[in-house]
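Data from protein_10.cif: mmCIF, C-alpha atoms and all ligand atoms
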data_protein
loop_
_atom_site.label_atom_id
_atom_site.label_comp_id
_atom_site.auth_asym_id
_atom_site.auth_seq_id
_atom_site.Cartn_x
_atom_site.Cartn_y
_atom_site.Cartn_z
CA MET A 10 81.31 81.17 -60.93
CA ALA A 11 78.17 83.17 -61.34
CA THR A 12 76.09 83.53 -58.21
CA VAL A 13 72.47 82.42 -58.18
CA LYS A 14 71.49 86.06 -58.35
CA GLU A 15 73.57 86.81 -61.45
CA THR A 16 72.34 83.74 -63.26
CA ASN A 17 68.77 84.69 -62.45
CA GLN A 18 69.31 88.24 -63.66
CA ALA A 19 70.78 87.08 -66.94
CA GLU A 20 67.82 84.85 -67.65
CA LYS A 21 65.10 87.26 -66.67
CA GLN A 22 63.93 87.90 -70.22
CA LYS A 23 63.44 84.27 -71.07
CA SER A 24 59.95 83.08 -71.85
CA ASP A 25 60.62 79.70 -70.26
CA VAL A 26 61.78 81.11 -66.93
CA MET A 27 58.73 79.57 -65.28
CA LEU A 28 59.98 76.08 -65.98
CA GLN A 29 63.10 76.60 -63.85
CA TYR A 30 61.01 77.13 -60.74
CA LEU A 31 58.70 74.13 -61.02
CA ARG A 32 59.34 71.11 -58.84
CA PRO A 33 61.15 68.60 -61.01
CA LYS A 34 59.43 65.57 -59.49
CA LYS A 35 55.90 66.93 -59.73
CA LYS A 36 53.54 65.71 -62.42
CA PHE A 37 52.42 68.42 -64.82
CA PRO A 38 50.06 69.83 -65.95
CA SER A 39 48.59 70.96 -62.65
CA VAL A 40 45.32 69.70 -61.18
CA TRP A 41 43.62 73.01 -61.90
CA CYS A 42 40.82 73.18 -64.45
CA ALA A 43 41.74 74.23 -67.99
CA GLY A 44 42.12 78.01 -68.04
CA CYS A 45 41.99 78.51 -64.25
CA GLY A 46 43.58 81.80 -63.26
CA ASN A 47 45.60 80.16 -60.49
CA GLY A 48 48.19 79.11 -63.08
CA THR A 49 48.39 82.61 -64.51
CA VAL A 50 49.04 84.04 -61.04
CA MET A 51 51.68 81.35 -60.45
CA GLY A 52 53.49 82.44 -63.62
CA ALA A 53 53.39 86.09 -62.55
CA ILE A 54 54.78 85.23 -59.11
CA ILE A 55 57.63 83.24 -60.64
CA ARG A 56 58.61 86.04 -63.02
CA ALA A 57 58.44 88.61 -60.21
CA ILE A 58 60.68 86.50 -57.96
CA ASP A 59 63.04 85.87 -60.84
CA LYS A 60 63.25 89.58 -61.65
CA LEU A 61 64.16 90.33 -58.04
CA GLY A 62 66.83 87.64 -58.17
CA TYR A 63 65.89 85.86 -54.96
CA SER A 64 67.39 82.42 -54.61
CA LYS A 65 65.05 79.47 -54.22
CA ASP A 66 66.17 78.88 -50.64
CA GLU A 67 65.50 82.47 -49.67
CA VAL A 68 61.80 82.21 -50.47
CA VAL A 69 59.29 80.43 -48.25
CA MET A 70 55.86 79.84 -49.67
CA VAL A 71 53.06 79.10 -47.25
CA SER A 72 49.47 78.22 -48.07
CA GLY A 73 46.32 76.82 -46.51
CA ILE A 74 43.74 74.68 -48.30
CA GLY A 75 41.91 75.43 -51.53
CA CYS A 76 42.56 75.27 -55.26
CA SER A 77 44.68 78.41 -55.05
CA SER A 78 46.48 77.06 -52.01
CA ARG A 79 47.84 74.15 -54.04
CA MET A 80 50.34 76.48 -55.67
CA PRO A 81 53.34 75.87 -53.32
CA VAL A 82 53.04 72.16 -54.10
CA TYR A 83 54.25 72.91 -57.63
CA LEU A 84 56.95 75.46 -56.88
CA ASP A 85 60.51 74.62 -55.96
CA PHE A 86 60.80 76.92 -52.93
CA SER A 87 60.85 76.04 -49.27
CA SER A 88 57.18 75.52 -48.66
CA LEU A 89 54.53 74.79 -46.09
CA HIS A 90 51.12 73.50 -47.17
CA THR A 91 49.19 73.95 -43.95
CA THR A 92 45.63 73.68 -42.65
CA HIS A 93 42.63 75.57 -44.00
CA GLY A 94 42.79 79.27 -43.17
CA ARG A 95 45.95 79.03 -41.08
CA ALA A 96 48.60 79.95 -43.62
CA LEU A 97 49.18 83.37 -42.04
CA PRO A 98 49.84 82.05 -38.51
CA TYR A 99 52.35 79.51 -39.87
CA ALA A 100 53.94 82.22 -42.01
CA THR A 101 54.14 84.52 -38.99
CA GLY A 102 56.05 81.80 -37.17
CA VAL A 103 58.48 81.33 -40.04
CA LYS A 104 59.09 85.05 -40.43
CA PHE A 105 59.50 85.54 -36.72
CA ALA A 106 62.07 82.78 -36.41
CA LYS A 107 63.99 83.67 -39.58
CA PRO A 108 63.34 87.32 -40.45
CA HIS A 109 65.81 87.28 -43.38
CA LEU A 110 63.57 84.93 -45.39
CA LYS A 111 61.03 86.21 -47.91
CA VAL A 112 57.72 84.77 -46.78
CA ILE A 113 54.92 84.59 -49.32
CA VAL A 114 51.44 83.42 -48.43
CA ILE A 115 49.20 82.11 -51.18
CA THR A 116 45.59 82.10 -50.15
CA GLY A 117 42.05 82.07 -51.52
CA ASP A 118 39.08 84.23 -50.66
CA GLY A 119 37.53 81.48 -48.51
CA ASP A 120 40.84 80.54 -46.93
CA ALA A 121 41.85 84.10 -46.02
CA LEU A 122 38.52 85.71 -45.21
CA ALA A 123 36.15 83.01 -43.95
CA ILE A 124 37.94 80.46 -41.76
CA GLY A 125 41.12 82.56 -41.69
CA GLY A 126 39.48 85.99 -41.39
CA ASN A 127 40.74 86.62 -37.90
CA HIS A 128 44.32 85.70 -38.77
CA PHE A 129 44.11 87.94 -41.81
CA ILE A 130 43.11 91.12 -40.00
CA HIS A 131 45.67 90.57 -37.26
CA ALA A 132 48.51 89.98 -39.70
CA CYS A 133 47.52 93.29 -41.33
CA ARG A 134 47.33 95.00 -37.95
CA ARG A 135 50.78 93.79 -36.85
CA ASN A 136 52.31 94.87 -40.13
CA ILE A 137 54.55 91.82 -40.21
CA ASP A 138 56.78 91.67 -43.29
CA ILE A 139 54.86 88.99 -45.22
CA THR A 140 53.51 89.19 -48.76
CA ALA A 141 50.04 87.70 -49.06
CA ILE A 142 48.71 86.92 -52.50
CA LEU A 143 44.98 86.48 -52.24
CA ILE A 144 43.45 84.83 -55.28
CA ASN A 145 39.90 86.12 -55.21
CA ASN A 146 37.60 84.00 -57.36
CA TYR A 147 34.46 84.88 -55.37
CA ILE A 148 33.72 81.27 -54.47
CA TYR A 149 34.99 78.11 -52.76
CA GLY A 150 36.43 76.36 -55.78
CA MET A 151 37.90 73.21 -54.27
CA THR A 152 34.83 72.05 -52.36
CA GLY A 153 32.33 72.58 -55.16
CA GLY A 154 31.23 76.18 -55.45
CA GLN A 155 29.89 77.21 -52.05
CA GLY A 156 29.49 80.92 -51.37
CA SER A 157 32.49 82.68 -49.81
CA PRO A 158 32.74 86.01 -47.97
CA THR A 159 33.50 87.71 -51.28
CA THR A 160 30.60 86.19 -53.24
CA PRO A 161 28.82 89.37 -54.35
CA SER A 162 25.29 90.12 -53.14
CA LYS A 163 22.73 88.45 -55.43
CA ALA A 164 25.36 86.21 -57.03
CA PHE A 165 24.72 82.49 -57.31
CA SER A 166 26.71 79.69 -55.73
CA THR A 167 25.73 76.19 -54.64
CA THR A 168 24.87 77.52 -51.16
CA THR A 169 23.06 80.59 -52.50
CA PRO A 170 20.85 79.03 -55.20
CA TYR A 171 18.42 81.98 -55.13
CA GLY A 172 21.12 84.63 -55.10
CA ASN A 173 23.32 85.71 -52.19
CA VAL A 174 21.38 87.71 -49.60
CA GLU A 175 24.51 88.67 -47.67
CA LYS A 176 26.78 91.64 -48.24
CA HIS A 177 30.28 90.79 -49.37
CA PHE A 178 33.76 91.67 -48.19
CA ASN A 179 36.12 93.76 -50.25
CA PRO A 180 39.48 92.14 -49.35
CA SER A 181 41.65 95.12 -50.28
CA GLU A 182 39.57 97.60 -48.29
CA LEU A 183 39.44 95.21 -45.37
CA ALA A 184 43.24 94.94 -45.40
CA MET A 185 43.70 98.71 -45.59
CA ALA A 186 41.28 99.27 -42.73
CA ALA A 187 43.07 96.62 -40.67
CA GLY A 188 46.44 98.32 -41.16
CA ALA A 189 48.22 96.63 -44.08
CA THR A 190 50.84 98.98 -45.48
CA PHE A 191 50.87 97.81 -49.10
CA VAL A 192 47.64 96.86 -50.83
CA GLY A 193 47.05 96.36 -54.52
CA ARG A 194 44.34 94.83 -56.65
CA THR A 195 44.80 93.33 -60.07
CA THR A 196 43.14 90.71 -62.24
CA VAL A 197 44.31 87.73 -64.26
CA TYR A 198 43.67 89.75 -67.41
CA HIS A 199 46.26 92.33 -66.33
CA VAL A 200 49.28 90.03 -66.11
CA PRO A 201 52.07 92.62 -66.59
CA GLN A 202 50.45 94.80 -63.92
CA MET A 203 50.17 91.79 -61.63
CA GLU A 204 53.84 90.98 -62.13
CA LYS A 205 54.90 94.53 -61.30
CA MET A 206 52.60 94.68 -58.30
CA ILE A 207 53.96 91.43 -56.89
CA THR A 208 57.50 92.80 -57.35
CA GLN A 209 56.55 95.94 -55.43
CA ALA A 210 54.80 93.92 -52.73
CA LEU A 211 57.84 91.67 -52.26
CA GLU A 212 60.14 94.66 -51.95
CA HIS A 213 57.84 96.42 -49.52
CA LYS A 214 58.79 96.28 -45.84
CA GLY A 215 55.67 95.38 -43.89
CA PHE A 216 52.48 93.47 -44.61
CA SER A 217 51.64 93.55 -48.28
CA LEU A 218 48.51 92.21 -49.94
CA VAL A 219 48.03 91.60 -53.63
CA GLU A 220 44.42 90.78 -54.40
CA ALA A 221 44.43 88.92 -57.70
CA VAL A 222 40.90 88.70 -59.05
CA SER A 223 40.69 85.38 -60.85
CA ASN A 224 38.30 83.22 -62.80
CA CYS A 225 36.69 80.12 -61.36
CA HIS A 226 34.70 79.47 -64.51
CA THR A 227 33.99 75.93 -63.34
CA TYR A 228 31.79 77.11 -60.46
CA PHE A 229 31.39 80.87 -60.24
CA GLY A 230 31.41 81.41 -63.99
CA ARG A 231 29.03 78.56 -64.71
CA LEU A 232 26.55 79.38 -61.92
CA ASN A 233 26.52 83.08 -62.84
CA ARG A 234 26.52 82.59 -66.61
CA GLN A 235 29.82 84.35 -67.14
CA GLY A 236 31.04 81.89 -69.72
CA ASP A 237 34.40 80.30 -70.41
CA PRO A 238 37.82 81.53 -69.18
CA VAL A 239 38.21 83.82 -72.19
CA ALA A 240 34.83 85.47 -71.59
CA MET A 241 35.69 85.93 -67.92
CA LEU A 242 39.08 87.46 -68.75
CA LYS A 243 37.39 89.91 -71.10
CA MET A 244 34.86 90.71 -68.39
CA PHE A 245 37.69 91.57 -65.97
CA LYS A 246 39.16 93.82 -68.63
CA ASP A 247 35.86 95.68 -68.97
CA LEU A 248 35.23 95.92 -65.22
CA ALA A 249 38.70 97.20 -64.31
CA VAL A 250 39.01 100.87 -63.44
CA PRO A 251 42.54 102.14 -62.69
CA ALA A 252 42.82 103.59 -59.18
CA ALA A 253 43.82 107.01 -60.56
CA ARG A 254 40.62 107.24 -62.59
CA ALA A 255 38.46 105.81 -59.80
CA LYS A 256 39.38 108.79 -57.58
CA ASN A 257 37.18 111.07 -59.71
CA MET A 258 34.26 108.68 -59.86
CA THR A 259 31.21 108.51 -57.60
CA PRO A 260 30.43 105.37 -55.57
CA GLU A 261 27.41 104.79 -57.85
CA GLU A 262 29.62 104.82 -60.93
CA LEU A 263 32.03 102.42 -59.26
CA GLU A 264 29.26 99.97 -58.31
CA GLY A 265 30.27 96.51 -59.57
CA LYS A 266 33.60 97.76 -60.98
CA LEU A 267 37.05 96.54 -60.00
CA VAL A 268 39.38 99.30 -58.92
CA THR A 269 42.83 98.08 -59.95
CA GLY A 270 46.32 99.28 -59.15
CA VAL A 271 48.23 100.06 -55.99
CA LEU A 272 45.63 101.24 -53.48
CA GLN A 273 47.91 101.79 -50.50
CA ASP A 274 51.66 102.13 -50.13
CA ILE A 275 52.71 103.63 -46.81
CA GLU A 276 55.45 103.08 -44.25
CA LYS A 277 54.94 101.96 -40.68
CA THR A 278 57.16 100.22 -38.16
CA GLU A 279 57.44 96.51 -38.84
CA PHE A 280 56.61 93.81 -36.28
CA CYS A 281 59.86 91.77 -36.34
CA ASP A 282 62.00 94.94 -36.20
CA GLU A 283 60.09 96.28 -33.23
CA TYR A 284 60.36 92.98 -31.44
CA GLN A 285 64.10 92.86 -32.07
CA LYS A 286 64.41 96.35 -30.60
CA VAL A 287 62.75 95.18 -27.39
CA VAL A 288 65.01 92.12 -27.24
CA ASP A 289 68.12 94.24 -27.81
CA ALA A 290 67.10 96.85 -25.25
CA HIS A 291 66.55 94.26 -22.55
CA ARG A 292 69.74 92.36 -23.34
CA GLY A 293 71.65 95.59 -23.07
CA VAL A 294 72.76 95.54 -26.74
CA LYS A 295 73.28 99.01 -28.18
CA MET B 16 23.89 70.25 -86.23
CA SER B 17 23.87 67.04 -88.24
CA ASP B 18 26.64 64.50 -87.98
CA SER B 19 28.03 65.25 -91.41
CA GLU B 20 28.20 68.98 -90.66
CA ALA B 21 29.96 68.30 -87.37
CA ALA B 22 32.40 66.01 -89.13
CA GLY B 23 33.00 68.61 -91.84
CA LYS B 24 33.79 71.22 -89.22
CA THR B 25 36.33 68.97 -87.52
CA ASP B 26 37.99 68.16 -90.81
CA SER B 27 38.52 71.79 -91.75
CA LYS B 28 40.62 72.37 -88.63
CA PRO B 29 44.38 72.00 -88.94
CA ALA B 30 45.86 68.65 -88.03
CA ARG B 31 47.54 68.41 -84.65
CA LYS B 32 51.05 68.68 -86.04
CA ALA B 33 51.05 71.50 -88.57
CA LYS B 34 53.77 71.17 -91.22
CA TYR B 35 56.37 73.76 -90.47
CA ASP B 36 58.99 75.06 -92.84
CA TYR B 37 62.24 75.15 -90.86
CA SER B 38 64.25 76.75 -93.67
CA SER B 39 63.66 80.23 -92.25
CA GLY B 40 64.66 79.27 -88.68
CA PRO B 41 62.77 77.61 -85.84
CA PRO B 42 59.09 78.42 -85.27
CA PRO B 43 58.40 81.53 -83.15
CA LEU B 44 57.01 79.50 -80.28
CA ASN B 45 57.14 76.03 -78.78
CA ILE B 46 53.86 74.54 -77.66
CA ASN B 47 53.97 71.75 -75.13
CA LEU B 48 50.89 69.78 -76.15
CA LYS B 49 51.31 67.45 -73.16
CA TRP B 50 50.77 70.32 -70.75
CA CYS B 51 48.26 72.31 -72.78
CA LYS B 52 44.69 71.90 -71.53
CA ALA B 53 43.02 73.49 -74.55
CA CYS B 54 41.60 76.43 -72.61
CA ASN B 55 41.58 78.66 -75.73
CA ILE B 56 43.10 81.66 -73.88
CA CYS B 57 46.17 82.01 -76.12
CA ILE B 58 44.13 81.54 -79.28
CA ALA B 59 41.61 84.21 -78.27
CA LEU B 60 44.04 86.75 -76.80
CA CYS B 61 46.74 86.76 -79.50
CA PRO B 62 46.44 90.17 -81.14
CA GLN B 63 47.84 88.83 -84.43
CA GLN B 64 45.66 85.71 -84.67
CA VAL B 65 48.73 83.53 -84.96
CA PHE B 66 46.97 80.40 -83.68
CA GLU B 67 44.23 78.16 -84.95
CA PRO B 68 42.70 75.48 -82.74
CA ASP B 69 43.34 71.88 -83.74
CA ARG B 70 40.64 69.26 -83.38
CA ASP B 71 41.24 69.05 -79.61
CA GLY B 72 41.13 72.83 -79.22
CA LYS B 73 44.89 73.09 -78.67
CA PRO B 74 46.78 75.86 -80.47
CA VAL B 75 48.53 75.31 -83.77
CA ILE B 76 50.87 78.02 -85.04
CA ALA B 77 49.01 78.74 -88.25
CA ARG B 78 50.60 82.09 -89.13
CA PRO B 79 54.15 81.99 -87.71
CA ASP B 80 55.29 85.06 -89.65
CA ASP B 81 52.68 87.25 -87.97
CA CYS B 82 54.02 86.62 -84.45
CA THR B 83 55.51 89.80 -82.98
CA GLN B 84 56.82 88.07 -79.79
CA CYS B 85 54.52 90.34 -77.79
CA THR B 86 54.57 87.92 -74.77
CA ILE B 87 50.77 87.86 -74.36
CA CYS B 88 50.25 84.17 -75.09
CA TRP B 89 52.96 82.82 -72.82
CA VAL B 90 52.27 85.10 -69.84
CA HIS B 91 48.58 84.22 -70.04
CA CYS B 92 48.98 80.49 -70.49
CA PRO B 93 47.98 79.03 -67.09
CA ASP B 94 49.88 75.82 -67.80
CA PHE B 95 53.23 77.14 -69.02
CA ALA B 96 52.71 75.30 -72.30
CA ILE B 97 54.08 78.10 -74.51
CA THR B 98 57.67 79.24 -74.66
CA SER B 99 59.42 81.33 -77.24
CA ASN B 100 62.35 80.33 -79.39
CA TYR B 101 63.50 83.93 -79.62
CA LYS B 102 62.92 85.44 -76.19
C1 LIG A 301 38.96 73.01 -41.25
C2 LIG A 301 38.46 72.81 -42.63
N1 LIG A 301 37.21 73.23 -42.95
C3 LIG A 301 36.75 73.08 -44.20
C4 LIG A 301 37.51 72.51 -45.17
C5 LIG A 301 36.96 72.33 -46.56
N2 LIG A 301 37.51 73.25 -47.53
C6 LIG A 301 38.56 72.91 -48.30
S1 LIG A 301 38.97 74.10 -49.40
C7 LIG A 301 37.71 75.09 -48.85
C8 LIG A 301 37.43 76.43 -49.47
C9 LIG A 301 38.51 77.00 -50.31
O1 LIG A 301 38.08 78.15 -50.91
P1 LIG A 301 39.05 79.31 -51.33
O2 LIG A 301 39.97 79.63 -50.22
O3 LIG A 301 38.23 80.42 -51.88
O4 LIG A 301 39.97 78.67 -52.46
P2 LIG A 301 39.66 78.27 -53.96
O5 LIG A 301 39.46 76.80 -53.93
O6 LIG A 301 38.46 79.03 -54.41
O7 LIG A 301 40.88 78.66 -54.69
C10 LIG A 301 37.00 74.48 -47.83
C11 LIG A 301 35.83 75.09 -47.16
C12 LIG A 301 38.81 72.08 -44.81
N3 LIG A 301 39.64 71.53 -45.71
N4 LIG A 301 39.25 72.24 -43.55
S1 LIG A 302 37.39 74.73 -59.38
FE1 LIG A 302 37.64 76.87 -59.94
S2 LIG A 302 39.38 77.61 -58.69
FE2 LIG A 302 39.42 75.35 -58.68
S3 LIG A 302 40.81 74.79 -60.35
FE3 LIG A 302 38.72 74.78 -61.18
S4 LIG A 302 38.46 76.84 -62.02
FE4 LIG A 302 40.20 76.92 -60.66
S1 LIG A 303 53.80 86.29 -78.87
FE1 LIG A 303 52.05 87.66 -79.23
S2 LIG A 303 51.85 87.72 -81.45
FE2 LIG A 303 53.12 85.94 -80.99
S3 LIG A 303 51.66 84.25 -80.85
FE3 LIG A 303 51.94 85.03 -78.78
S4 LIG A 303 50.28 86.49 -78.50
FE4 LIG A 303 50.46 86.12 -80.70
S1 LIG A 304 46.75 79.14 -73.07
FE1 LIG A 304 48.12 77.39 -72.72
S2 LIG A 304 46.79 75.75 -71.93
FE2 LIG A 304 45.45 77.31 -72.87
S3 LIG A 304 45.16 76.59 -74.97
FE3 LIG A 304 46.91 78.00 -75.01
S4 LIG A 304 48.71 76.68 -74.75
FE4 LIG A 304 46.93 75.48 -74.15
#

Give the structure from the file, written as structure tokens.
Amino acid sequence: MATVKETNQAEKQKSDVMLQYLRPKKKFPSVWCAGCGNGTVMGAIIRAIDKLGYSKDEVVMVSGIGCSSRMPVYLDFSSLHTTHGRALPYATGVKFAKPHLKVIVITGDGDALAIGGNHFIHACRRNIDITAILINNYIYGMTGGQGSPTTPSKAFSTTTPYGNVEKHFNPSELAMAAGATFVGRTTVYHVPQMEKMITQALEHKGFSLVEAVSNCHTYFGRLNRQGDPVAMLKMFKDLAVPAARAKNMTPEELEGKLVTGVLQDIEKTEFCDEYQKVVDAHRGVK
Amino acid sequence: MSDSEAAGKTDSKPARKAKYDYSSGPPPLNINLKWCKACNICIALCPQQVFEPDRDGKPVIARPDDCTQCTICWVHCPDFAITSNYK
């Protein structure tokens, strides 16, 4: 009998591979607005997991609250849909108790960087082997378009009706500064790149962040006159600058652009491994 | 736009179920109209202009022979409504 892995490998080219990973009892289509990038990211995650041949029981998907955080509800993995901003602490617990599992955190810009900002930097700092997929749509989608920590300066949201006066966070740079060992940025226009980056992030040992820039046309797009999903996808295409090209550009030239690609891929000791070493040493195990 | 013009525009769009000639094999793609939310992404991104919107804005395979199975429409569909019969 073919193992789960072999079956998965054989089917990796199929265009309907996504359907095999959806929860059979869930009602589809999803609650997301028509054209919302969350679904596109979900497809990319499924194809990446399928390509790697992980079994459904091997993967744990953890999320907080938000439109993006509804993703684990639809996917047939072991999953935890937790409280707002706390996905990373729950995921840390899961990984710590069962280090052989692949723990994936799905989070939004508000979830990870506003209420969960502290958890985010400390997960990066510890370099725990978790893959966080941060869907950055520059706004709080679920609660009606309030400004988030990534809402760009001068951009409109329901809480910044005259334009945002604050400076914004750059999630990827924040993660790199905090000590994450794999960081990549991609957009929902660049689906094949996203798929590859998620594959790399899942294979990476240590904390990995994939920042998937996505369209919330319902709030961010409408309030900032960026148009429908198609117009926003084309905008991401125009704004994207591959990391290799961005190296030779000045900060002024990069103003408002999206640097895409793998931004950091380094090796450092991993949290669970280090902890195990301490346990072994004090139990007298060689 | 007057009512008659609006009506004329709707009428010129293909009907929801386009007639498909199965003699040369199954259509290149399956579209799950129950899941499709008419977001227009596949229609706009297809490099070969294979689709036309129907009166609800959902894709109809208008030019099946032009499809190169390039994967763009199904990887971009946020609702998994498109699958291929060949890939
Ligand atoms: C403790 C707590 N505070 C506030 C909320 C309200 N709330 C729900 S979702 C959300 C923001 C989600 O934004 P984001 O993480 O960017 O996800 P998106 O919906 O944009 O995908 C907020 C503030 C909550 N559910 N729980
Ligand atoms: S409100 Fe925005 S983020 Fe939420 S489903 Fe709609 S488009 Fe997506
Ligand atoms: S597979 Fe490519 S060519 Fe065929 S319909 Fe989809 S986007 Fe168009
Ligand atoms: S991309 Fe998917 S949901 Fe959007 S119109 Fe095409 S088939 Fe429908």

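Residues of protein, DNA or RNA having any atom at most 7 Å from ligand LIG 303 (chain A), counting all atoms listed in the file, are B:Cys57, B:Leu60, B:Cys61, B:Pro62, B:Gln63, B:Gln64, B:Val65, B:Phe66, B:Asp81, B:Cys82, B:Thr83, B:Gln84, B:Cys85, B:Thr86, B:Ile87, B:Cys88, B:Trp89.
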
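For the pair CA of Phe37 in chain A and CA of Glu204 in chain A, the interatomic distance is 22.8 Å.
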
Q: Using CA of Lys36 in chain A and atom S2 of ligand LIG 304 (chain A) as the two end points, give the distance in Å to one decimal.
A: 15.4 Å

Q. When the cut-off is 9 Å and we count all atoms listed in the file, which residues of chain A are near chain B, given as a PyMOL selection string?
A. chain A and resi 22-28+37-39+42-53+197-198+200-201+237-239+242

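With all atoms listed in the file taken into account, the protein and nucleic acid residues at most 12 Å from Asn127 in chain A (excluding it and anything under 2 positions from it in its own chain) are Gly94, Arg95, Ala96, Leu97, Pro98, Asp120, Ala121, Leu122, Ala123, Ile124, Gly125, Phe129, Ile130, His131, Ala132, Cys133, Arg134, Leu183, Ala184 and Ala187 of chain A.
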
Q | Selection as a PyMOL selection string: residues within 12 Å of (56.8, 71.8, -42.8), counting all atoms listed in the file | A | chain A and resi 69-72+81-82+87-92+96+99-100+102-103

Q: With only C-alpha atoms and all ligand atoms counted, collect every polymer residue having an atom within 6 Å of ligand LIG 301 (chain A); state the result as a VMD selection string.
A: chain A and resid 74 to 77 93 117 to 120 146 148 to 152

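Atom to atom, atom S1 of ligand LIG 304 (chain A) and CA of Ile144 in chain A stand 19.0 Å apart.
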
Q: Find the spatial neighbours of Asn145 in chain A, counting only C-alpha atoms, within a cut-off of 8 Å - ignore same-chain residues fewer than 4 positions away - and output them as a PyMOL selection string.
A: chain A and resi 117-118+159+220-223

Would you mind exporting C-alpha atoms of the selected residues as an mmCIF file, keeping the file's coordinate frame?
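The resulting file, selection_4.cif, is reproduced below:
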data_model
loop_
_atom_site.group_PDB
_atom_site.id
_atom_site.type_symbol
_atom_site.label_atom_id
_atom_site.label_comp_id
_atom_site.auth_asym_id
_atom_site.auth_seq_id
_atom_site.Cartn_x
_atom_site.Cartn_y
_atom_site.Cartn_z
ATOM 1 C CA GLY A 117 42.050 82.070 -51.520
ATOM 2 C CA ASP A 118 39.080 84.230 -50.660
ATOM 3 C CA THR A 159 33.500 87.710 -51.280
ATOM 4 C CA GLU A 220 44.420 90.780 -54.400
ATOM 5 C CA ALA A 221 44.430 88.920 -57.700
ATOM 6 C CA VAL A 222 40.900 88.700 -59.050
ATOM 7 C CA SER A 223 40.690 85.380 -60.850
#

Q: Using only C-alpha atoms, determine which residues lie at most 9 Å from Lys65 in chain A, disregarding the query and same-chain residues fewer than 5 positions distant; provide the list as an MDAnalysis selection string.
A: chainID A and resid 13 30 85:87

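In terms of minimum interatomic distance to ligand LIG 304 (chain A), A:Trp41 ranks closest within A:Pro180, A:Pro33, A:Trp41, A:Thr196, counting all atoms listed in the file.
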